[in-house]
>>> print(open('target26.tsv').read())   # TSV, C-alpha atoms
chain	number	residue	atom	x	y	z
A	266	MET	CA	53.55	-38.33	-18.74
A	267	ARG	CA	52.95	-37.15	-22.29
A	268	LEU	CA	51.31	-39.48	-24.79
A	269	ASP	CA	51.14	-38.85	-28.54
A	270	VAL	CA	48.16	-40.59	-30.08
A	271	ALA	CA	46.63	-41.31	-33.50
A	272	TYR	CA	43.16	-42.67	-34.11
A	273	ASP	CA	40.51	-43.41	-36.68
A	274	GLY	CA	37.47	-41.71	-35.19
A	275	THR	CA	34.92	-43.68	-37.22
A	276	PRO	CA	33.80	-46.10	-34.45
A	277	TYR	CA	33.90	-43.54	-31.62
A	278	ALA	CA	31.49	-40.94	-30.23
A	279	GLY	CA	34.35	-38.43	-30.14
A	280	TRP	CA	37.33	-38.03	-27.83
A	281	ALA	CA	35.57	-37.18	-24.56
A	282	ARG	CA	34.45	-39.93	-22.21
A	283	GLN	CA	30.65	-40.42	-22.24
A	284	PRO	CA	28.54	-42.92	-20.28
A	285	GLY	CA	27.46	-45.86	-22.41
A	286	GLN	CA	29.43	-44.67	-25.46
A	287	ALA	CA	32.66	-45.88	-27.04
A	288	THR	CA	35.06	-42.95	-26.96
A	289	VAL	CA	38.76	-42.51	-27.60
A	290	GLN	CA	39.43	-41.15	-24.11
A	291	GLY	CA	37.49	-43.91	-22.38
A	292	THR	CA	39.13	-46.66	-24.42
A	293	LEU	CA	42.64	-45.29	-23.89
A	294	GLU	CA	42.16	-44.69	-20.17
A	295	GLU	CA	40.91	-48.25	-19.72
A	296	ALA	CA	43.98	-49.66	-21.47
A	297	LEU	CA	46.32	-47.49	-19.41
A	298	ALA	CA	44.60	-48.51	-16.18
A	299	THR	CA	45.00	-52.18	-17.14
A	300	VAL	CA	48.72	-51.78	-17.84
A	301	LEU	CA	49.54	-49.59	-14.82
A	302	ARG	CA	46.93	-50.95	-12.38
A	303	VAL	CA	45.81	-47.46	-11.30
A	304	PRO	CA	42.89	-45.24	-12.39
A	305	VAL	CA	43.91	-42.84	-15.18
A	306	THR	CA	42.43	-39.50	-16.28
A	307	LEU	CA	43.77	-37.97	-19.47
A	308	THR	CA	43.93	-34.28	-20.36
A	309	VAL	CA	43.90	-33.74	-24.13
A	310	ALA	CA	45.17	-30.96	-26.37
A	311	GLY	CA	42.11	-30.86	-28.61
A	312	ARG	CA	38.79	-32.59	-28.06
A	313	THR	CA	37.46	-34.06	-31.29
A	314	ASP	CA	33.85	-34.78	-32.27
A	315	ALA	CA	32.32	-38.11	-33.25
A	316	GLY	CA	33.88	-39.44	-36.43
A	317	VAL	CA	36.82	-37.00	-36.43
A	318	HIS	CA	40.32	-38.48	-36.66
A	319	ALA	CA	43.78	-37.60	-35.34
A	320	THR	CA	47.33	-38.27	-36.44
A	321	GLY	CA	48.96	-35.80	-34.04
A	322	GLN	CA	46.87	-35.72	-30.86
A	323	ALA	CA	48.66	-35.05	-27.55
A	324	CYS	CA	47.53	-35.75	-24.01
A	325	HIS	CA	48.96	-36.02	-20.52
A	326	ALA	CA	48.26	-37.77	-17.24
A	327	ASP	CA	49.92	-38.17	-13.87
A	328	LEU	CA	51.11	-41.78	-13.95
A	329	PRO	CA	53.31	-43.89	-11.64
A	330	ALA	CA	55.49	-45.07	-14.55
A	331	VAL	CA	55.98	-44.67	-18.27
A	332	PRO	CA	53.66	-47.18	-19.96
A	333	GLU	CA	55.30	-49.60	-22.39
A	334	VAL	CA	54.01	-48.59	-25.81
A	335	ARG	CA	53.99	-52.06	-27.39
A	336	ARG	CA	52.06	-53.54	-24.49
A	337	LEU	CA	49.60	-50.67	-24.50
A	338	ASN	CA	48.94	-50.94	-28.24
A	339	ALA	CA	48.47	-54.70	-27.91
A	340	LEU	CA	45.48	-54.00	-25.65
A	341	LEU	CA	44.00	-51.34	-27.91
A	342	ASP	CA	41.84	-51.76	-30.98
A	343	PRO	CA	43.87	-51.01	-34.15
A	344	SER	CA	41.77	-47.85	-34.58
A	345	ILE	CA	43.81	-46.26	-31.76
A	346	ARG	CA	47.60	-46.19	-31.66
A	347	VAL	CA	49.87	-44.71	-28.99
A	348	LEU	CA	52.78	-43.32	-30.99
A	349	ASN	CA	54.95	-42.33	-28.05
A	350	ALA	CA	54.84	-42.24	-24.25
A	351	ALA	CA	57.46	-40.38	-22.23
A	352	LEU	CA	58.05	-38.31	-19.13
A	353	ALA	CA	56.87	-34.79	-19.96
A	354	PRO	CA	59.05	-31.73	-19.34
A	355	GLU	CA	58.28	-29.82	-16.16
A	356	GLY	CA	55.32	-27.49	-16.65
A	357	PHE	CA	53.84	-29.38	-19.60
A	358	ASP	CA	50.07	-29.30	-19.94
A	359	ALA	CA	48.69	-30.86	-23.11
A	360	ARG	CA	45.83	-28.38	-23.29
A	361	PHE	CA	47.07	-25.13	-21.79
A	362	SER	CA	50.70	-25.24	-22.96
A	363	ALA	CA	49.77	-25.59	-26.65
A	364	LEU	CA	50.63	-22.76	-29.02
A	365	SER	CA	48.41	-23.93	-31.87
A	366	ARG	CA	46.43	-26.80	-33.37
A	367	ARG	CA	46.55	-27.76	-37.05
A	368	TYR	CA	43.68	-29.58	-38.73
A	369	VAL	CA	43.47	-31.06	-42.22
A	370	TYR	CA	40.20	-31.53	-44.08
A	371	ARG	CA	40.04	-33.85	-47.13
A	372	VAL	CA	37.12	-33.75	-49.56
A	373	ALA	CA	36.67	-35.51	-52.88
A	374	ASP	CA	34.54	-33.91	-55.61
A	375	ALA	CA	35.12	-36.60	-58.27
A	376	THR	CA	32.04	-38.26	-59.75
A	377	TYR	CA	32.90	-41.49	-57.86
A	378	GLY	CA	33.57	-39.71	-54.57
A	379	ALA	CA	36.40	-40.80	-52.29
A	380	LEU	CA	38.58	-43.78	-53.11
A	381	PRO	CA	37.46	-46.85	-51.13
A	382	THR	CA	40.82	-46.97	-49.32
A	383	ARG	CA	40.35	-43.35	-48.11
A	384	ARG	CA	36.63	-43.40	-47.36
A	385	HIS	CA	37.14	-43.06	-43.61
A	386	ASP	CA	39.24	-39.86	-43.76
A	387	THR	CA	37.88	-38.21	-46.92
A	388	ALA	CA	34.46	-36.64	-47.27
A	389	THR	CA	32.56	-36.54	-50.56
A	390	HIS	CA	31.11	-33.39	-52.11
A	391	PRO	CA	28.26	-33.89	-54.60
A	392	ARG	CA	29.31	-31.12	-57.03
A	393	PRO	CA	32.54	-30.12	-58.80
A	394	VAL	CA	34.51	-27.53	-56.83
A	395	ALA	CA	36.81	-24.87	-58.29
A	396	LEU	CA	40.07	-24.66	-56.34
A	397	ARG	CA	40.54	-21.02	-57.32
A	398	ARG	CA	37.14	-20.11	-55.87
A	399	LEU	CA	38.00	-21.89	-52.61
A	400	GLN	CA	41.25	-19.96	-52.37
A	401	MET	CA	39.55	-16.63	-53.09
A	402	ALA	CA	36.83	-17.28	-50.51
A	403	SER	CA	39.40	-18.33	-47.88
A	404	LYS	CA	41.76	-15.38	-48.26
A	405	PRO	CA	39.88	-12.83	-46.04
A	406	LEU	CA	39.26	-15.25	-43.14
A	407	PRO	CA	42.62	-15.66	-41.30
A	408	GLY	CA	43.47	-13.29	-38.45
A	409	LEU	CA	42.23	-12.42	-34.97
A	410	ARG	CA	38.46	-12.53	-35.42
A	411	ASP	CA	35.18	-13.33	-33.74
A	412	PHE	CA	34.16	-16.61	-35.40
A	413	ALA	CA	30.69	-16.70	-33.82
A	414	ALA	CA	29.11	-17.43	-37.22
A	415	PHE	CA	31.11	-20.66	-37.42
A	416	CYS	CA	31.01	-21.86	-33.80
A	417	ARG	CA	28.42	-23.80	-31.85
A	418	LYS	CA	27.36	-21.56	-28.98
A	419	ARG	CA	28.63	-22.44	-25.48
A	420	GLU	CA	27.36	-20.50	-22.49
A	421	GLY	CA	30.00	-18.07	-21.23
A	422	ALA	CA	32.56	-19.03	-23.90
A	423	THR	CA	34.24	-16.64	-26.28
A	424	THR	CA	34.27	-17.26	-30.02
A	425	VAL	CA	37.31	-15.05	-30.63
A	426	ARG	CA	40.18	-16.99	-32.18
A	427	THR	CA	43.37	-16.28	-34.12
A	428	LEU	CA	43.17	-18.24	-37.36
A	429	ARG	CA	46.77	-18.32	-38.55
A	430	ARG	CA	46.41	-20.37	-41.69
A	431	LEU	CA	43.66	-21.45	-44.08
A	432	THR	CA	44.87	-22.91	-47.37
A	433	TRP	CA	43.54	-25.25	-50.07
A	434	VAL	CA	45.36	-27.50	-52.54
A	435	ARG	CA	44.54	-30.48	-54.74
A	436	ASP	CA	46.67	-33.49	-53.91
A	437	PRO	CA	48.03	-35.91	-56.55
A	438	GLU	CA	44.81	-37.97	-56.29
A	439	GLY	CA	42.69	-34.92	-57.11
A	440	VAL	CA	41.36	-34.59	-53.55
A	441	LEU	CA	40.84	-31.09	-52.17
A	442	VAL	CA	42.83	-30.64	-48.96
A	443	ALA	CA	42.30	-27.74	-46.56
A	444	THR	CA	44.84	-26.91	-43.85
A	445	LEU	CA	43.70	-24.78	-40.93
A	446	GLU	CA	45.86	-23.68	-38.01
A	447	ALA	CA	44.78	-21.55	-35.04
A	448	ASP	CA	45.64	-20.91	-31.42
A	449	ALA	CA	42.51	-22.95	-30.68
A	450	PHE	CA	39.23	-23.82	-32.38
A	451	CYS	CA	35.77	-23.53	-30.91
A	452	HIS	CA	33.22	-26.31	-31.32
A	453	GLN	CA	32.57	-27.21	-35.00
A	454	MET	CA	34.52	-24.17	-36.23
A	455	VAL	CA	36.65	-26.08	-38.74
A	456	ARG	CA	33.76	-28.04	-40.24
A	457	SER	CA	31.56	-24.94	-40.45
A	458	LEU	CA	34.28	-22.95	-42.22
A	459	VAL	CA	34.83	-25.81	-44.66
A	460	GLY	CA	31.09	-26.19	-45.24
A	461	ALA	CA	30.69	-22.51	-46.13
A	462	LEU	CA	33.78	-22.50	-48.33
A	463	LEU	CA	32.60	-25.53	-50.30
A	464	LEU	CA	29.36	-23.71	-51.17
A	465	ALA	CA	31.46	-20.83	-52.49
A	466	GLY	CA	33.77	-23.26	-54.25
A	467	ASP	CA	31.01	-25.05	-56.16
A	468	GLY	CA	29.32	-21.80	-57.22
A	469	ARG	CA	26.18	-21.99	-55.11
A	470	ARG	CA	27.38	-18.91	-53.21
A	471	GLU	CA	29.60	-15.99	-54.18
A	472	THR	CA	33.24	-16.11	-53.08
A	473	ASP	CA	32.67	-13.24	-50.64
A	474	TRP	CA	29.84	-15.11	-48.84
A	475	PRO	CA	31.99	-16.80	-46.12
A	476	ALA	CA	33.56	-13.42	-45.23
A	477	ALA	CA	30.08	-11.87	-45.09
A	478	LEU	CA	28.97	-14.62	-42.71
A	479	LEU	CA	31.98	-13.94	-40.52
A	480	ALA	CA	31.21	-10.22	-40.41
A	481	GLY	CA	27.54	-10.83	-39.66
A	482	GLY	CA	28.22	-13.23	-36.81
A	483	GLU	CA	24.93	-15.10	-37.28
A	484	ARG	CA	25.25	-18.76	-36.34
A	485	GLY	CA	23.36	-21.38	-38.33
A	486	ARG	CA	23.74	-20.15	-41.90
A	487	ALA	CA	27.00	-22.03	-42.53
A	488	PRO	CA	26.52	-25.76	-43.22
A	489	VAL	CA	28.64	-28.16	-41.18
A	490	ALA	CA	30.87	-30.36	-43.34
A	491	PRO	CA	30.89	-34.12	-42.60
A	492	ALA	CA	33.04	-35.27	-39.68
A	493	ASN	CA	34.89	-38.01	-41.55
A	494	GLY	CA	36.93	-35.56	-43.65
A	495	LEU	CA	38.55	-33.93	-40.60
A	496	THR	CA	41.85	-34.92	-38.95
A	497	LEU	CA	43.77	-33.25	-36.12
A	498	ALA	CA	47.25	-33.33	-37.62
A	499	GLU	CA	49.48	-31.46	-35.17
A	500	VAL	CA	49.63	-29.68	-31.84
A	501	ARG	CA	52.53	-27.25	-31.45
A	502	TYR	CA	54.19	-26.42	-28.13
A	503	PRO	CA	56.87	-23.93	-27.10
A	504	ARG	CA	60.34	-25.04	-26.03
A	505	ALA	CA	60.52	-26.77	-22.67
A	506	SER	CA	61.60	-23.67	-20.72
A	507	ARG	CA	58.40	-21.85	-21.77
A	508	LEU	CA	55.83	-24.61	-21.22
A	509	ALA	CA	54.83	-23.52	-17.70
A	510	SER	CA	54.59	-19.81	-18.57
A	511	ARG	CA	52.52	-20.59	-21.64
A	512	ALA	CA	50.12	-22.71	-19.58
A	513	ALA	CA	49.84	-19.98	-16.93
A	514	ALA	CA	49.12	-17.31	-19.55
A	515	THR	CA	46.44	-19.44	-21.19
A	516	ARG	CA	44.77	-20.13	-17.85
A	517	ARG	CA	44.71	-16.41	-17.03
A	518	ARG	CA	42.87	-15.76	-20.29
A	519	ARG	CA	40.34	-18.44	-19.29
A	520	ASP	CA	39.75	-16.62	-16.01
A	521	ASP	CA	39.06	-13.21	-17.65
A	522	PRO	CA	36.51	-14.90	-18.21
A	523	VAL	CA	37.74	-16.04	-21.63
A	524	ASP	CA	37.37	-19.63	-22.75
A	525	ARG	CA	39.65	-20.68	-25.60
A	526	ALA	CA	38.85	-24.37	-25.32
A	527	PRO	CA	40.05	-26.38	-28.33
A	528	GLY	CA	37.65	-28.41	-30.35
A	529	GLY	CA	37.33	-30.11	-33.73
>>> encode(input="target26.tsv", output="structure tokens")
Amino acid sequence: MRLDVAYDGTPYAGWARQPGQATVQGTLEEALATVLRVPVTLTVAGRTDAGVHATGQACHADLPAVPEVRRLNALLDPSIRVLNAALAPEGFDARFSALSRRYVYRVADATYGALPTRRHDTATHPRPVALRRLQMASKPLPGLRDFAAFCRKREGATTVRTLRRLTWVRDPEGVLVATLEADAFCHQMVRSLVGALLLAGDGRRETDWPAALLAGGERGRAPVAPANGLTLAEVRYPRASRLASRAAATRRRRDDPVDRAPGG
């Protein structure tokens, strides 16, 4: 079964189940087990860190029946919503079948910070930021690159990713909105990229500094932007006839050994 899920990550210690911690996975699995009366283990498209949100998360599990969405949501805290639950096409794997993940990062640089109604999904930057400088600093970064400078190190894991899109706009409320899309993201990659770009955007670094960090590959020089500004907005999949082949190809890359594990 495929489930499409949205959540406010503020009260959770991330997606992944952790002993003694409130997590999105643990909370959702408990609700599913209550409804279906069987143990449930979810596989997710993109693990998110503590405080990170999602409007377009996807996951799957082997279940005896399609859970009734209204009943499931009635058991869940309003911070988690199951948007859809349905029998998945043959070969579907929420993690390995995915073509790309798209994240959105919202940051307010107004003197008053984020609007109170958007404080959970919008970070605050303490200095004015020039949109043009953000755009200039972002331009060299997309492509197939080693993003080691922007990834938390994991033993045996690659930091090579294909960043397909990195754009900035100001929305009608004056909030800076970054959109990043890649085949997958390594741990803290999005927030580290945003953190470095904001330093270039507010003038504390030159606009070529993020690209220089990327070329140097030295982890730890890029600041990590706050978690609350980040939202997993979309996971894209191929058409149904290509789901199984996509999953098989992704698994082969993992066995190279190449680990392209998603992460917020």
>>> closest_residue(input="target26.tsv", among="A:Ala465, A:Ala287, A:Leu307, A:Met401", to="Ala487 of chain A", atoms="only C-alpha atoms")
A:Ala465
>>> residues_near_point(input="target26.tsv", point="(36.6, -24.0, -55.3)", cutoff="7 Å", atoms="all atoms listed in the file", output="list in words")
Val394, Ala395, Leu396, Arg397, Arg398, Leu399, Gln400, Leu463, Ala465, Gly466 and Asp467 of chain A
>>> atom_distance(input="target26.tsv", atom1="atom CA of Leu340 of chain A", atom2="atom CA of Glu295 of chain A")
9.4 Å
>>> residues_around(input="target26.tsv", residues="Val303 of chain A", least_positions_apart="2", cutoff="12 Å", atoms="all atoms listed in the file", output="list in words")
Glu294, Glu295, Ala296, Leu297, Ala298, Thr299, Val300, Leu301, Val305, Thr306, Ala326, Asp327, Leu328, Pro329, Ala330 and Pro332 of chain A
>>> write_last_selection(input="target26.tsv", atoms="C-alpha atoms", output="short mmCIF file (atom, residue, chain, number, x, y, z; two decimals), keeping the file's coordinate frame")
data_model
loop_
_atom_site.label_atom_id
_atom_site.label_comp_id
_atom_site.auth_asym_id
_atom_site.auth_seq_id
_atom_site.Cartn_x
_atom_site.Cartn_y
_atom_site.Cartn_z
CA GLU A 294 42.16 -44.69 -20.17
CA GLU A 295 40.91 -48.25 -19.72
CA ALA A 296 43.98 -49.66 -21.47
CA LEU A 297 46.32 -47.49 -19.41
CA ALA A 298 44.60 -48.51 -16.18
CA THR A 299 45.00 -52.18 -17.14
CA VAL A 300 48.72 -51.78 -17.84
CA LEU A 301 49.54 -49.59 -14.82
CA VAL A 305 43.91 -42.84 -15.18
CA THR A 306 42.43 -39.50 -16.28
CA ALA A 326 48.26 -37.77 -17.24
CA ASP A 327 49.92 -38.17 -13.87
CA LEU A 328 51.11 -41.78 -13.95
CA PRO A 329 53.31 -43.89 -11.64
CA ALA A 330 55.49 -45.07 -14.55
CA PRO A 332 53.66 -47.18 -19.96
#
>>> atom_distance(input="target26.tsv", atom1="atom CA of Glu471 of chain A", atom2="atom CA of Pro393 of chain A")
15.2 Å
>>> residues_around(input="target26.tsv", residues="Leu380 of chain A", least_positions_apart="4", cutoff="10 Å", atoms="all atoms listed in the file", output="compact mmCIF listing (two decimals) with C-alpha atoms, in the frame of the given file")
# COMPACT_ATOMS: atom_id res chain seq x y z
CA ALA A 373 36.67 -35.51 -52.88
CA ALA A 375 35.12 -36.60 -58.27
CA ARG A 384 36.63 -43.40 -47.36
CA HIS A 385 37.14 -43.06 -43.61
CA THR A 387 37.88 -38.21 -46.92
CA THR A 389 32.56 -36.54 -50.56
CA GLU A 438 44.81 -37.97 -56.29
CA VAL A 440 41.36 -34.59 -53.55
>>> closest_residue(input="target26.tsv", among="A:Cys324, A:Val489, A:Leu445, A:Val425", to="Val347 of chain A", atoms="only C-alpha atoms")
A:Cys324
>>> atom_distance(input="target26.tsv", atom1="atom CA of His318 of chain A", atom2="atom CA of Lys404 of chain A")
25.9 Å
>>> closest_residue(input="target26.tsv", among="A:Leu464, A:Val372, A:Cys451, A:Ala379", to="Ser403 of chain A", atoms="only C-alpha atoms")
A:Leu464
>>> closest_residue(input="target26.tsv", among="A:Arg435, A:Arg511, A:Arg371, A:His390", to="Asn493 of chain A", atoms="all atoms listed in the file")
A:Arg371
>>> residues_near_point(input="target26.tsv", point="(43.3, -27.2, -44.7)", cutoff="6 Å", atoms="all atoms listed in the file", output="ChimeraX atom specification")
/A:369-370,431-433,442-445
>>> residues_around(input="target26.tsv", residues="segment 350-364 of chain A", least_positions_apart="4", cutoff="8 Å", atoms="only C-alpha atoms", output="PyMOL selection string")
chain A and resi 266-269+308-311+323-325+331-334+448+500-503+505+508-513+515-516+527
>>> closest_residue(input="target26.tsv", among="A:Arg419, A:Arg507, A:Arg335, A:Arg282", to="Ala315 of chain A", atoms="all atoms listed in the file")
A:Arg282
>>> residues_around(input="target26.tsv", residues="segment 343-345 of chain A", least_positions_apart="6", cutoff="6 Å", atoms="all atoms listed in the file", output="number ranges by chain")
A: 271-273
>>> residues_around(input="target26.tsv", residues="Val270 of chain A", least_positions_apart="4", cutoff="6 Å", atoms="all atoms listed in the file", output="JSON, numbers by chain")
{"A": [322, 346, 347, 348]}
>>> closest_residue(input="target26.tsv", among="A:Arg517, A:Arg367, A:Arg417, A:Arg302", to="Arg486 of chain A", atoms="all atoms listed in the file")
A:Arg417
>>> axis_aligned_box(input="target26.tsv", around="segment 364-379 of chain A", padding_each_side="6 Å", output="AutoDock Vina command-line options")
--center_x 41.3 --center_y -32.1 --center_z -44.4 --size_x 30.6 --size_y 30.7 --size_z 42.7
>>> build_atoms(input="target26.tsv", residues="segment 443-456 of chain A", atoms="N, CA, C and O atoms", output="PDB file, in the coordinates of the input")
ATOM      1  N   ALA A 443      42.213 -28.997 -47.293  1.00  0.00           N
ATOM      2  CA  ALA A 443      42.300 -27.740 -46.560  1.00  0.00           C
ATOM      3  C   ALA A 443      43.186 -27.918 -45.345  1.00  0.00           C
ATOM      4  O   ALA A 443      43.108 -28.944 -44.655  1.00  0.00           O
ATOM      5  N   THR A 444      44.023 -26.929 -45.060  1.00  0.00           N
ATOM      6  CA  THR A 444      44.840 -26.910 -43.850  1.00  0.00           C
ATOM      7  C   THR A 444      44.469 -25.669 -43.052  1.00  0.00           C
ATOM      8  O   THR A 444      44.510 -24.555 -43.582  1.00  0.00           O
ATOM      9  N   LEU A 445      44.095 -25.876 -41.801  1.00  0.00           N
ATOM     10  CA  LEU A 445      43.700 -24.780 -40.930  1.00  0.00           C
ATOM     11  C   LEU A 445      44.508 -24.849 -39.646  1.00  0.00           C
ATOM     12  O   LEU A 445      44.579 -25.907 -39.014  1.00  0.00           O
ATOM     13  N   GLU A 446      45.091 -23.741 -39.255  1.00  0.00           N
ATOM     14  CA  GLU A 446      45.860 -23.680 -38.010  1.00  0.00           C
ATOM     15  C   GLU A 446      45.405 -22.455 -37.220  1.00  0.00           C
ATOM     16  O   GLU A 446      45.231 -21.371 -37.778  1.00  0.00           O
ATOM     17  N   ALA A 447      45.200 -22.641 -35.914  1.00  0.00           N
ATOM     18  CA  ALA A 447      44.780 -21.550 -35.040  1.00  0.00           C
ATOM     19  C   ALA A 447      45.305 -21.787 -33.645  1.00  0.00           C
ATOM     20  O   ALA A 447      45.749 -22.886 -33.312  1.00  0.00           O
ATOM     21  N   ASP A 448      45.244 -20.733 -32.818  1.00  0.00           N
ATOM     22  CA  ASP A 448      45.640 -20.910 -31.420  1.00  0.00           C
ATOM     23  C   ASP A 448      44.755 -21.957 -30.768  1.00  0.00           C
ATOM     24  O   ASP A 448      45.213 -22.770 -29.974  1.00  0.00           O
ATOM     25  N   ALA A 449      43.481 -21.941 -31.116  1.00  0.00           N
ATOM     26  CA  ALA A 449      42.510 -22.950 -30.680  1.00  0.00           C
ATOM     27  C   ALA A 449      41.299 -22.814 -31.577  1.00  0.00           C
ATOM     28  O   ALA A 449      41.126 -21.802 -32.258  1.00  0.00           O
ATOM     29  N   PHE A 450      40.454 -23.841 -31.583  1.00  0.00           N
ATOM     30  CA  PHE A 450      39.230 -23.820 -32.380  1.00  0.00           C
ATOM     31  C   PHE A 450      38.041 -24.040 -31.469  1.00  0.00           C
ATOM     32  O   PHE A 450      38.081 -24.908 -30.597  1.00  0.00           O
ATOM     33  N   CYS A 451      36.984 -23.267 -31.673  1.00  0.00           N
ATOM     34  CA  CYS A 451      35.770 -23.530 -30.910  1.00  0.00           C
ATOM     35  C   CYS A 451      34.980 -24.653 -31.588  1.00  0.00           C
ATOM     36  O   CYS A 451      35.319 -25.100 -32.689  1.00  0.00           O
ATOM     37  N   HIS A 452      33.931 -25.106 -30.916  1.00  0.00           N
ATOM     38  CA  HIS A 452      33.220 -26.310 -31.320  1.00  0.00           C
ATOM     39  C   HIS A 452      32.652 -26.176 -32.734  1.00  0.00           C
ATOM     40  O   HIS A 452      31.909 -25.245 -33.036  1.00  0.00           O
ATOM     41  N   GLN A 453      33.015 -27.099 -33.604  1.00  0.00           N
ATOM     42  CA  GLN A 453      32.570 -27.210 -35.000  1.00  0.00           C
ATOM     43  C   GLN A 453      33.053 -26.065 -35.887  1.00  0.00           C
ATOM     44  O   GLN A 453      32.574 -25.910 -37.018  1.00  0.00           O
ATOM     45  N   MET A 454      34.032 -25.300 -35.429  1.00  0.00           N
ATOM     46  CA  MET A 454      34.520 -24.170 -36.230  1.00  0.00           C
ATOM     47  C   MET A 454      35.133 -24.616 -37.546  1.00  0.00           C
ATOM     48  O   MET A 454      34.851 -24.040 -38.604  1.00  0.00           O
ATOM     49  N   VAL A 455      35.985 -25.634 -37.510  1.00  0.00           N
ATOM     50  CA  VAL A 455      36.650 -26.080 -38.740  1.00  0.00           C
ATOM     51  C   VAL A 455      35.629 -26.584 -39.744  1.00  0.00           C
ATOM     52  O   VAL A 455      35.628 -26.194 -40.920  1.00  0.00           O
ATOM     53  N   ARG A 456      34.734 -27.441 -39.318  1.00  0.00           N
ATOM     54  CA  ARG A 456      33.760 -28.040 -40.240  1.00  0.00           C
ATOM     55  C   ARG A 456      32.768 -27.006 -40.771  1.00  0.00           C
ATOM     56  O   ARG A 456      32.302 -27.108 -41.911  1.00  0.00           O
TER      57      ARG A 456
END
